[in-house]
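> Coordinates in data16.cif, mmCIF, C-alpha atoms, are listed below.
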data_run
#
loop_
_atom_site.label_atom_id
_atom_site.label_comp_id
_atom_site.auth_asym_id
_atom_site.auth_seq_id
_atom_site.Cartn_x
_atom_site.Cartn_y
_atom_site.Cartn_z
CA MET A 1 0.00 0.00 0.00
CA VAL A 2 1.44 3.36 -1.02
CA GLU A 3 1.60 6.05 1.69
CA ALA A 4 3.28 8.90 -0.21
CA ILE A 5 4.57 9.76 -3.66
CA ARG A 6 7.13 12.53 -4.14
CA LEU A 7 8.80 14.08 -7.13
CA LYS A 8 12.38 13.91 -5.87
CA ARG A 9 14.54 15.36 -8.62
CA VAL A 10 14.16 17.11 -11.91
CA GLN A 11 17.15 18.16 -13.95
CA PHE A 12 16.18 19.34 -17.42
CA GLU A 13 18.32 20.98 -20.08
CA VAL A 14 17.08 21.81 -23.58
CA LEU A 15 19.83 21.36 -26.19
CA ALA A 16 20.03 21.98 -29.92
CA GLY A 17 20.27 18.35 -30.99
CA ASN A 18 17.93 16.09 -32.88
CA PRO A 19 15.89 13.19 -31.47
CA PRO A 20 16.94 9.69 -32.48
CA GLU A 21 15.24 8.15 -35.48
CA SER A 22 13.62 5.25 -33.67
CA GLN A 23 13.06 4.73 -29.95
CA ILE A 24 13.04 7.07 -27.01
CA ALA A 25 16.48 6.98 -25.41
CA CYS A 26 15.56 6.43 -21.78
CA GLU A 27 17.01 4.28 -19.02
CA ILE A 28 14.84 3.58 -15.98
CA ARG A 29 16.09 2.07 -12.74
CA ALA A 30 14.37 1.22 -9.47
CA HIS A 31 16.21 1.61 -6.18
CA ALA A 32 14.80 0.24 -2.94
CA ARG A 33 15.48 1.04 0.69
CA ASP A 34 14.05 -0.35 3.92
CA GLU A 35 12.54 2.52 5.94
CA GLY A 36 11.91 0.46 9.08
CA GLU A 37 8.61 -0.10 10.88
CA GLY A 38 7.20 -2.16 7.99
CA ARG A 39 7.82 0.57 5.40
CA ALA A 40 10.00 0.76 2.31
CA SER A 41 10.81 3.40 -0.26
CA VAL A 42 11.16 2.80 -3.97
CA LEU A 43 12.92 5.42 -6.08
CA LEU A 44 12.23 5.27 -9.82
CA VAL A 45 14.92 7.15 -11.77
CA ALA A 46 14.70 7.95 -15.48
CA ARG A 47 17.56 9.37 -17.54
CA PHE A 48 16.73 10.48 -21.06
CA PHE A 49 19.30 10.64 -23.87
CA GLU A 50 22.17 10.06 -21.43
CA SER A 51 24.49 8.44 -23.98
CA HIS A 52 23.03 9.98 -27.16
CA PRO A 53 25.68 12.06 -29.00
CA ASN A 54 23.34 14.86 -30.14
CA PRO A 55 20.18 14.85 -27.99
CA PRO A 56 17.31 17.35 -28.19
CA PHE A 57 17.41 17.57 -24.37
CA ARG A 58 18.72 15.85 -21.29
CA LEU A 59 16.34 14.98 -18.49
CA ASP A 60 16.93 13.24 -15.17
CA LEU A 61 13.71 12.61 -13.32
CA SER A 62 13.13 10.78 -10.02
CA VAL A 63 9.89 9.79 -8.33
CA GLU A 64 9.84 8.22 -4.86
CA GLY A 65 7.09 6.19 -3.27
CA ILE A 66 6.84 5.27 0.40
CA PHE A 67 5.04 1.95 0.80
CA ARG A 68 3.67 0.03 3.76
CA LEU A 69 4.90 -3.54 3.36
CA GLU A 70 2.31 -6.30 3.44
CA PRO A 71 2.98 -9.16 5.91
CA GLY A 72 5.81 -11.27 4.48
CA GLU A 73 6.60 -8.78 1.69
CA THR A 74 10.23 -7.70 1.35
CA THR A 75 11.71 -4.45 0.12
CA GLU A 76 13.29 -6.27 -2.83
CA ALA A 77 9.99 -7.92 -3.81
CA LEU A 78 8.27 -4.53 -3.70
CA ALA A 79 10.95 -2.99 -5.94
CA LYS A 80 10.80 -5.87 -8.44
CA GLY A 81 7.01 -5.99 -8.50
CA PRO A 82 4.36 -3.42 -7.68
CA GLY A 83 6.60 -0.48 -6.65
CA PRO A 84 7.76 0.58 -10.13
CA SER A 85 4.32 -0.11 -11.61
CA VAL A 86 2.70 2.27 -9.12
CA LEU A 87 5.31 5.01 -9.68
CA PHE A 88 5.67 4.73 -13.46
CA PRO A 89 2.50 6.72 -14.39
CA TYR A 90 3.78 9.67 -12.33
CA LEU A 91 7.18 9.50 -14.01
CA LYS A 92 5.57 9.22 -17.45
CA ASN A 93 3.28 12.19 -16.80
CA GLU A 94 6.09 14.45 -15.55
CA ALA A 95 8.28 13.64 -18.58
CA ALA A 96 5.46 14.57 -20.97
CA LEU A 97 4.56 17.78 -19.10
CA LEU A 98 8.16 19.00 -18.86
CA THR A 99 8.86 18.55 -22.55
CA VAL A 100 5.62 20.28 -23.58
CA ARG A 101 6.33 23.21 -21.24
CA ALA A 102 9.77 23.55 -22.85
CA GLY A 103 8.15 23.87 -26.29
CA LEU A 104 9.19 20.38 -27.40
CA PRO A 105 6.98 17.55 -28.59
CA PRO A 106 5.75 15.59 -25.56
CA MET A 107 8.03 12.77 -24.51
CA VAL A 108 5.54 9.92 -24.19
CA LEU A 109 6.94 6.75 -22.68
CA PRO A 110 5.41 3.47 -23.78
CA PRO A 111 3.47 1.64 -21.04
CA LEU A 112 6.03 -1.10 -20.50
CA ALA A 113 9.16 1.05 -20.51
CA VAL A 114 9.71 0.21 -16.84
CA ALA A 115 10.29 -3.47 -17.62
CA PRO A 116 13.96 -4.17 -18.41
CA PRO A 117 16.31 -2.37 -17.69
CA VAL A 118 15.16 -2.10 -14.05
CA SER A 119 17.96 -2.76 -11.59
CA LEU A 120 17.85 -2.85 -7.83
CA ARG A 121 20.24 -1.38 -5.32
CA GLU A 122 19.67 -1.76 -1.59
CA GLY A 123 20.64 0.93 0.87
CA LEU A 124 20.42 3.91 -1.48
CA ASN A 125 21.13 7.12 0.42
#
Any chance you could put this one into structure tokens?

Amino acid sequence: MVEAIRLKRVQFEVLAGNPPESQIACEIRAHARDEGEGRASVLLVARFFESHPNPPFRLDLSVEGIFRLEPGETTEALAKGPGPSVLFPYLKNEAALLTVRAGLPPMVLPPLAVAPPVSLREGLN
């Protein structure tokens, strides 16, 4: 059960480059941390055009959710399962809104973009 959702970080820079011909260049990772007292946080981090040589913009965007763990549920299971799925719509919406506000075409992530490459890292500070 989610208790809170926070937009943690936005770093956005409009550049003069061109978008790639095919897919959106975006890497999404999930980081999990035990918050104690049956709670865990999941941080969903998206980096757009990080390794693209001539990107239209660079965007780092992070959304954090604080979850109450169900009996027997672990922080890692939350981060591999429902955590990213709950946070992804917020991440997707913020990416689209930021690009439109900057005068660019909206960056619309496909629904399953949070599947691979999601990686987990315990103890994120």
> Given the file shown, enumerate the residues that the PyMOL selection byres ((chain A and resi 39-51) around 8) captures and present them as an MDAnalysis selection string.
chainID A and resid 24:38 52:53 55 57:69 75 78:79 83:84 87:88 91
> Compare A:Thr99, A:Pro71, A:Pro111, A:Leu104 by their minimum atom-to-atom distance to Phe12 in chain A, counting all atoms listed in the file, and give me the closest one.
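Smallest distance to Phe12 in chain A is found for A:Thr99.
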> If you measure from CA of Pro82 in chain A to CA of Pro106 in chain A, what distance in Å do you get, rounded to one decimal?
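Taking CA of Pro82 in chain A and CA of Pro106 in chain A, their separation equals 26.1 Å.
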> Kindly list the centre and edge lengths in Å, rounded to one decimal, for the axis-aligned box that covers all listed atoms of range 51-68 of chain A plus 6 Å on each of its six sides, as JSON.

{"center_x": 14.7, "center_y": 8.8, "center_z": -13.2, "size_x": 34.0, "size_y": 29.5, "size_z": 45.9}
> Kindly give the distance, in Å, that separates CA of Pro110 in chain A and CA of Ser85 in chain A, rounded to a single decimal.
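So the two atoms, CA of Pro110 in chain A and CA of Ser85 in chain A, lie 12.7 Å apart.
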> Of the candidates A:Ala77, A:Val14, A:Leu7, A:Met1, which shows the shortest atom-to-atom distance to Arg101 in chain A, using all atoms listed in the file?
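Of A:Ala77, A:Val14, A:Leu7, A:Met1, the one nearest Arg101 in chain A, counting all atoms listed in the file, is A:Val14.
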> To one decimal place, how far is CA of Ala96 in chain A from CA of Leu15 in chain A in Å?
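Separation of CA of Ala96 in chain A and CA of Leu15 in chain A: 16.7 Å.
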